[in-house]
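Peer 1: Structure in structure tokens, see below.
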Amino acid sequence: MGYAEKRTGKDGVYYRGRYKISPGRYGTVADANGRTIRFSTKRKAEESANDEEAKVRAGSWRDPATGQTPLIDYASRWYAAQDLALSTMESYKTNLEVHILPQFGDTAIGAISAFDIAEWEKEQRAAGYAPSTVNSWRGTLHLVLADAVEDEVIPSNPASRRRGRGKRAGRSSDRGPEKVFTNALGALLIAERAALLSGRDDEFVAVVTKFYTGVRWGELVGLETEHTRLRSIRIEWQLYELSTGVLHRCPPKDDSYRDIDVPAFLSRLLSDHIARTGPTPCACHGRTYVFSGAHQENRVAKRPGAKLADVARRAGVSTGTVSNVLNHPERLAEETRVRVEQAIAELGFVRGGRERETAPHWRRNGYAAWLFQPAATGFYPKKAPYDARPVPVLAEPWPGVPVRGRNAPGRADACWTPIAKGLTPHGLRHSHKTSLVEKGIPKPLQDERFGHMDGTVQGRYSHVTEDMRARLLAELTADWETALDERIAMNPRSPVAVLDELLQARARRVSEQSREQSRGRVRRTLGLA
């Protein structure tokens with residue numbers, strides 16, 4: 001039974017409630033922050049002490065001291081105890097270190113209230129962060145605090161959302177932009193532009209592959225040559241790009257291992273691409289991938305030996321002065337030139353060093369921003385100090401070759417018009433799904449291609465047949481041929497070599513079919529058929 005204990009403080013006499021926790025151990029009634037509650041009367045102290053002791057006997061009592069642990073300490077132990085996919089661990093780490101702990105890290109875990117979290121969430125939205133992004137931060141905080149409840153560190157989870165508060169003002173503004181998708185012709189035109197931007201055929205093959213298979217970005221980048229087979233590709237691995245820039249080779253999302261049926265035209269396109277490029281094992285994984293990076297790899301920082309900045313620092317001049325010594329020595333005073341040349345000799349500086357190599361893999365942001373987005377929208381992205389700007393092109397050969405370098409807009413004849421404004425690489429996966437739905441392809445085959453799991457009763461009793469597969473491949477082939485015909489109607493040639501060959505082959509085939517049909521009509525007219 002609890003009891004009251006009379007105490008004397010600076011403010012006079014008060015009572016504190018004391019209750020039995022276990023034999024020989026007593027606790028003092030405290031508030032949620034662990035501070036002793038000072039009661040004005042003996043009766044109130046006894047009542048509160050009895051309430052706490054009743055909680056002890058019922059097994060629902062929580063030690064107030066446990067809630068005094070700073071969130072940063074508990075979150076550090078929580079993170080270290082997780083054993084999840086590397087991508088998930090990285091996401092949790094970023095959310096904690098960058099967004100959650102700067103706000104709540106020094107706060108006692110038991111002192112974090114639902115009001116504090118709601119206020120923080122509202123501030124982040126007002127700062128311009130997307131609602132989905134803020135929700136992911138709150139979701140991580142909710143996980144940490146939910147485990148704190150399980151560990152009996154806090155009595156309840158303040159990050160849990162409370163219902164029944166009515167409609168929140170401005171809820172409609174939380175909606176994201178409508179997902180953009182495209183059709184077979186749009187994908188073909190975007191693939192052609194992407195190849196023109198990169199200056200090679202690889203991007204054409206990659207965009208076509210993504211549109212007609214619906215693979216995820218990491219699965220496309222991680223597609224290995226040994227998994228491209230006759231009439232199918234095997235999704236066995238993906239390359240997941242970490243925030244450090246490292247590409248982690250890991251199983252596909254949700255362990256969605258699968259074989260994806262591909263039409264004959266795509267199988268030939270992939271096999272011809274592999275034969276043409278002759279890919280070799282990359283240095284990062286030792287595996288041979290179908291696609292490689294589009295641009296040269298920046299290895300200046302990793303290159304051994306002295307850098308231009310090292311020479312400038314040793315000679316006591318600017319990097320521009322060193323550059324002038326290398327390119328225009330006659331512009332400099334003799335004393336300065338000699339000092340720089342001496343620094344070059346002492347440091348063993350080698351101009352240019354080794355040649356830069358093509359990056360082994362695409363980078364998600366670089367590919368999306370500087371290849372895919374300009375191809376789909378006709379605009380380069382905003383990059384300080386420049387706003388988004390149209391892609392300047394030479395009018396011939398059609399559809400226009402991008403102009404680069406100084407005064408590119410002044411030397412250009414025109415700019416590309418948008419094909420699918422707002423389309424992203426992931427939007428091609430949505431496009432493939434939309435195409436399958438439009439064709440009435442059965443859901444089991446759709447789920448198989450996308451690596452989705454249908455846990456419903458219908459999914460358990462529905463299966464994929466060979467007729468379904470044959471019909472799908474025929475439909476995809478028809479889309480491809482129609483897109484080629486429409487592209488030929490715009491212009492029968494292309495500056496992209498692989499597409500130009502496809503257009504000419506298609507034109508010859510259509511011409512042969514037309515002649516054969518004419519012969520058939522003549523035979524029927526003459527009664528020879």
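Ligands are numbered from 1 in the order shown, residues from 1 within each chain, and chains are lettered A, B, ... in the order they appear in the structure tokens.
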Report as CSV: every residue of region 184-218 of chain A with an atom at most 9 Å from region 441-463 of chain A, its closest pair of atoms, and their distance in Å to one decimal, counting only C-alpha atoms, with rows sorted by chain and ascending residue number.
Peer 2:
```
residue,atom,partner,partner_atom,distance
A:Thr213,CA,A:Arg449,CA,7.3
A:Gly214,CA,A:Phe450,CA,6.6
A:Val215,CA,A:Phe450,CA,6.9
A:Arg216,CA,A:Phe450,CA,8.5
```
Peer 1: Output the selection as a short mmCIF file (atom, residue, chain, number, x, y, z; two decimals), in the first residue's frame - C-alpha atoms for each residue.
Peer 2:
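Listing of part-v4.cif after writing:
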```
data_model
loop_
_atom_site.label_atom_id
_atom_site.label_comp_id
_atom_site.auth_asym_id
_atom_site.auth_seq_id
_atom_site.Cartn_x
_atom_site.Cartn_y
_atom_site.Cartn_z
CA THR A 213 9.47 -5.44 -70.40
CA GLY A 214 8.52 -3.04 -67.59
CA VAL A 215 11.66 -3.86 -65.58
CA ARG A 216 12.67 -1.63 -62.70
#
```
Peer 1: Pick out the residues sitting within 8 Å of Pro252 (chain A), and hand them over as a PyMOL selection string; count only C-alpha atoms, and ignore anything fewer than 6 positions along from it in its own chain.
Peer 2: chain A and resi 218-219+235-238
Peer 1: Need the shell around Arg43 (chain A): protein/DNA/RNA residues with any atom at most 12 Å away, counting only C-alpha atoms. Skip same-chain ones fewer than 6 positions apart. Format as a short mmCIF file (atom, residue, chain, number, x, y, z; two decimals) with all heavy atoms, in the first residue's frame?
Peer 2:
```cif
data_model
loop_
_atom_site.label_atom_id
_atom_site.label_comp_id
_atom_site.auth_asym_id
_atom_site.auth_seq_id
_atom_site.Cartn_x
_atom_site.Cartn_y
_atom_site.Cartn_z
N GLY A 2 0.53 2.21 -0.88
CA GLY A 2 1.33 3.42 -0.98
C GLY A 2 1.17 4.31 0.23
O GLY A 2 0.22 4.18 1.01
N TYR A 3 2.09 5.24 0.36
CA TYR A 3 2.01 6.15 1.49
C TYR A 3 2.56 7.52 1.08
O TYR A 3 3.23 7.65 0.04
CB TYR A 3 2.80 5.61 2.69
CG TYR A 3 4.29 5.49 2.46
CD1 TYR A 3 5.16 6.52 2.82
CD2 TYR A 3 4.84 4.34 1.91
CE1 TYR A 3 6.53 6.41 2.60
CE2 TYR A 3 6.20 4.22 1.69
CZ TYR A 3 7.04 5.25 2.05
OH TYR A 3 8.39 5.15 1.84
N ALA A 4 2.26 8.51 1.94
CA ALA A 4 2.72 9.88 1.69
C ALA A 4 3.92 10.19 2.57
O ALA A 4 3.97 9.77 3.73
CB ALA A 4 1.60 10.88 1.96
N GLU A 5 4.84 10.94 2.00
CA GLU A 5 6.06 11.30 2.74
C GLU A 5 6.15 12.83 2.78
O GLU A 5 6.18 13.48 1.72
CB GLU A 5 7.28 10.69 2.06
CG GLU A 5 8.57 10.90 2.83
CD GLU A 5 9.75 10.21 2.15
OE1 GLU A 5 10.23 10.76 1.13
OE2 GLU A 5 10.16 9.13 2.60
N LYS A 6 6.23 13.35 3.98
CA LYS A 6 6.26 14.80 4.15
C LYS A 6 7.68 15.32 3.90
O LYS A 6 8.66 14.77 4.42
CB LYS A 6 5.81 15.16 5.56
CG LYS A 6 5.66 16.66 5.80
CD LYS A 6 5.12 16.92 7.21
CE LYS A 6 4.94 18.42 7.44
NZ LYS A 6 4.42 18.69 8.82
N TYR A 14 5.57 20.09 1.45
CA TYR A 14 4.81 19.39 0.42
C TYR A 14 4.88 17.90 0.71
O TYR A 14 5.64 17.45 1.60
CB TYR A 14 5.36 19.69 -0.98
CG TYR A 14 6.76 19.15 -1.23
CD1 TYR A 14 6.94 17.87 -1.78
CD2 TYR A 14 7.89 19.90 -0.92
CE1 TYR A 14 8.22 17.37 -2.00
CE2 TYR A 14 9.16 19.41 -1.14
CZ TYR A 14 9.33 18.15 -1.69
OH TYR A 14 10.59 17.64 -1.89
N TYR A 15 4.10 17.12 -0.02
CA TYR A 15 4.08 15.66 0.17
C TYR A 15 4.44 14.99 -1.16
O TYR A 15 4.08 15.47 -2.23
CB TYR A 15 2.70 15.19 0.63
CG TYR A 15 2.32 15.69 1.99
CD1 TYR A 15 1.67 16.92 2.14
CD2 TYR A 15 2.60 14.94 3.13
CE1 TYR A 15 1.33 17.40 3.38
CE2 TYR A 15 2.24 15.41 4.39
CZ TYR A 15 1.63 16.64 4.51
OH TYR A 15 1.29 17.11 5.75
N ARG A 16 5.13 13.90 -1.06
CA ARG A 16 5.40 13.08 -2.26
C ARG A 16 4.88 11.68 -2.01
O ARG A 16 4.87 11.18 -0.89
CB ARG A 16 6.89 13.05 -2.61
CG ARG A 16 7.78 12.36 -1.59
CD ARG A 16 9.22 12.34 -2.09
NE ARG A 16 10.06 11.51 -1.23
CZ ARG A 16 11.34 11.26 -1.48
NH1 ARG A 16 11.92 11.79 -2.57
NH2 ARG A 16 12.06 10.52 -0.66
N GLY A 17 4.39 11.04 -3.07
CA GLY A 17 3.83 9.71 -2.94
C GLY A 17 4.89 8.64 -3.14
O GLY A 17 5.70 8.72 -4.06
N ALA A 49 0.07 7.43 -4.97
CA ALA A 49 0.97 6.31 -4.67
C ALA A 49 0.23 4.98 -4.79
O ALA A 49 0.78 4.00 -5.31
CB ALA A 49 1.55 6.49 -3.27
N ASN A 50 -1.02 4.93 -4.31
CA ASN A 50 -1.81 3.71 -4.42
C ASN A 50 -2.08 3.36 -5.89
O ASN A 50 -2.08 2.18 -6.27
CB ASN A 50 -3.13 3.86 -3.67
CG ASN A 50 -2.93 3.85 -2.17
OD1 ASN A 50 -1.97 3.24 -1.67
ND2 ASN A 50 -3.83 4.52 -1.44
#
```
Peer 1: Could you write out, as a PyMOL selection string, all the residues of region 352-490 of chain A that DSSP marks as strand (DSSP E or B)?
Peer 2: chain A and resi 358+379-380+383+386+389-390+392-394+401-402+414-415
Peer 1: Please write the residues from the selection above to a file, keeping N, CA and C atoms, as a compact mmCIF listing (two decimals), in the first residue's frame.
Peer 2:
```
# COMPACT_ATOMS: atom_id res chain seq x y z
N THR A 358 35.09 5.12 -69.80
CA THR A 358 33.64 5.21 -69.70
C THR A 358 33.20 4.61 -68.38
N PHE A 379 13.68 19.52 -73.03
CA PHE A 379 14.32 20.54 -72.21
C PHE A 379 15.41 19.94 -71.33
N TYR A 380 16.54 20.64 -71.26
CA TYR A 380 17.54 20.29 -70.27
C TYR A 380 17.03 20.77 -68.90
N LYS A 383 19.76 24.01 -63.81
CA LYS A 383 21.01 23.84 -63.08
C LYS A 383 21.63 25.21 -62.89
N TYR A 386 21.61 28.48 -64.40
CA TYR A 386 20.75 28.49 -65.58
C TYR A 386 19.40 27.86 -65.27
N ARG A 389 16.20 24.83 -70.04
CA ARG A 389 16.33 25.41 -71.38
C ARG A 389 16.09 24.36 -72.44
N PRO A 390 15.57 24.78 -73.62
CA PRO A 390 15.30 23.82 -74.69
C PRO A 390 16.59 23.17 -75.21
N PRO A 392 18.83 22.59 -78.04
CA PRO A 392 19.04 23.14 -79.39
C PRO A 392 19.53 22.05 -80.34
N VAL A 393 18.97 21.99 -81.54
CA VAL A 393 19.34 20.93 -82.49
C VAL A 393 19.54 21.50 -83.89
N LEU A 394 20.33 20.78 -84.68
CA LEU A 394 20.43 21.04 -86.12
C LEU A 394 19.27 20.34 -86.80
N VAL A 401 19.89 16.84 -84.57
CA VAL A 401 21.04 16.40 -83.78
C VAL A 401 21.37 17.49 -82.77
N PRO A 402 21.46 17.16 -81.48
CA PRO A 402 21.74 18.17 -80.46
C PRO A 402 23.04 18.92 -80.73
N ALA A 414 16.73 24.67 -84.61
CA ALA A 414 15.43 24.49 -83.98
C ALA A 414 15.63 23.89 -82.60
N CYS A 415 14.52 23.57 -81.94
CA CYS A 415 14.54 22.88 -80.64
C CYS A 415 13.55 21.72 -80.70
```
Peer 1: Could you check which of A:Leu188, A:Val464, A:Leu499, A:Ala384 is closest to Ala483 (chain A), using only C-alpha atoms?
Peer 2: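 The shortest atom-to-atom distance to Ala483 (chain A) comes from A:Leu188.
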Peer 1: Which polymer residues have any atom within 8 Å of an atom of Pro492 (chain A), counting only C-alpha atoms, with same-chain residues fewer than 6 positions away left out, as number ranges by chain?
Peer 2: A: 503-504, 507
Peer 1: With all heavy atoms retained, write the just-selected residues as a compact mmCIF listing (two decimals), in the first residue's frame.
Peer 2:
```txt
# COMPACT_ATOMS: atom_id res chain seq x y z
N LEU A 503 14.51 0.71 -89.52
CA LEU A 503 13.56 1.39 -90.40
C LEU A 503 13.69 0.90 -91.83
O LEU A 503 12.68 0.65 -92.51
CB LEU A 503 13.78 2.90 -90.33
CG LEU A 503 13.47 3.59 -89.00
CD1 LEU A 503 13.85 5.06 -89.07
CD2 LEU A 503 12.00 3.42 -88.63
N GLN A 504 14.92 0.74 -92.30
CA GLN A 504 15.11 0.27 -93.67
C GLN A 504 14.64 -1.18 -93.83
O GLN A 504 14.01 -1.53 -94.84
CB GLN A 504 16.60 0.36 -94.04
CG GLN A 504 17.10 1.80 -94.15
CD GLN A 504 18.54 1.87 -94.61
OE1 GLN A 504 18.86 1.51 -95.73
NE2 GLN A 504 19.41 2.32 -93.72
N ALA A 507 10.89 -1.09 -93.90
CA ALA A 507 10.40 -0.56 -95.18
C ALA A 507 10.49 -1.62 -96.27
O ALA A 507 9.58 -1.75 -97.10
CB ALA A 507 11.20 0.68 -95.56
```
Peer 1: Find, counting only C-alpha atoms, the residue in A:Val522, A:Ile233, A:Ile109, A:Ala80 that gets nearest to Pro263 (chain A).
Peer 2: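 So, comparing all the options, the nearest one is A:Ile233.
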Peer 1: Counting only C-alpha atoms, what is within 6 Å of region 339-347 of chain A, bar same-chain residues fewer than 3 positions away, as an MDAnalysis selection string?
Peer 2: chainID A and resid 311 315 336
Peer 1: In Å, rounded to a single decimal, give me how far CA of Lys179 (chain A) is from CA of Leu423 (chain A).
Peer 2: 7.7 Å
Peer 1: CA of Thr140 (chain A) and CA of Tyr92 (chain A), how far apart in Å?
Peer 2: 6.5 Å
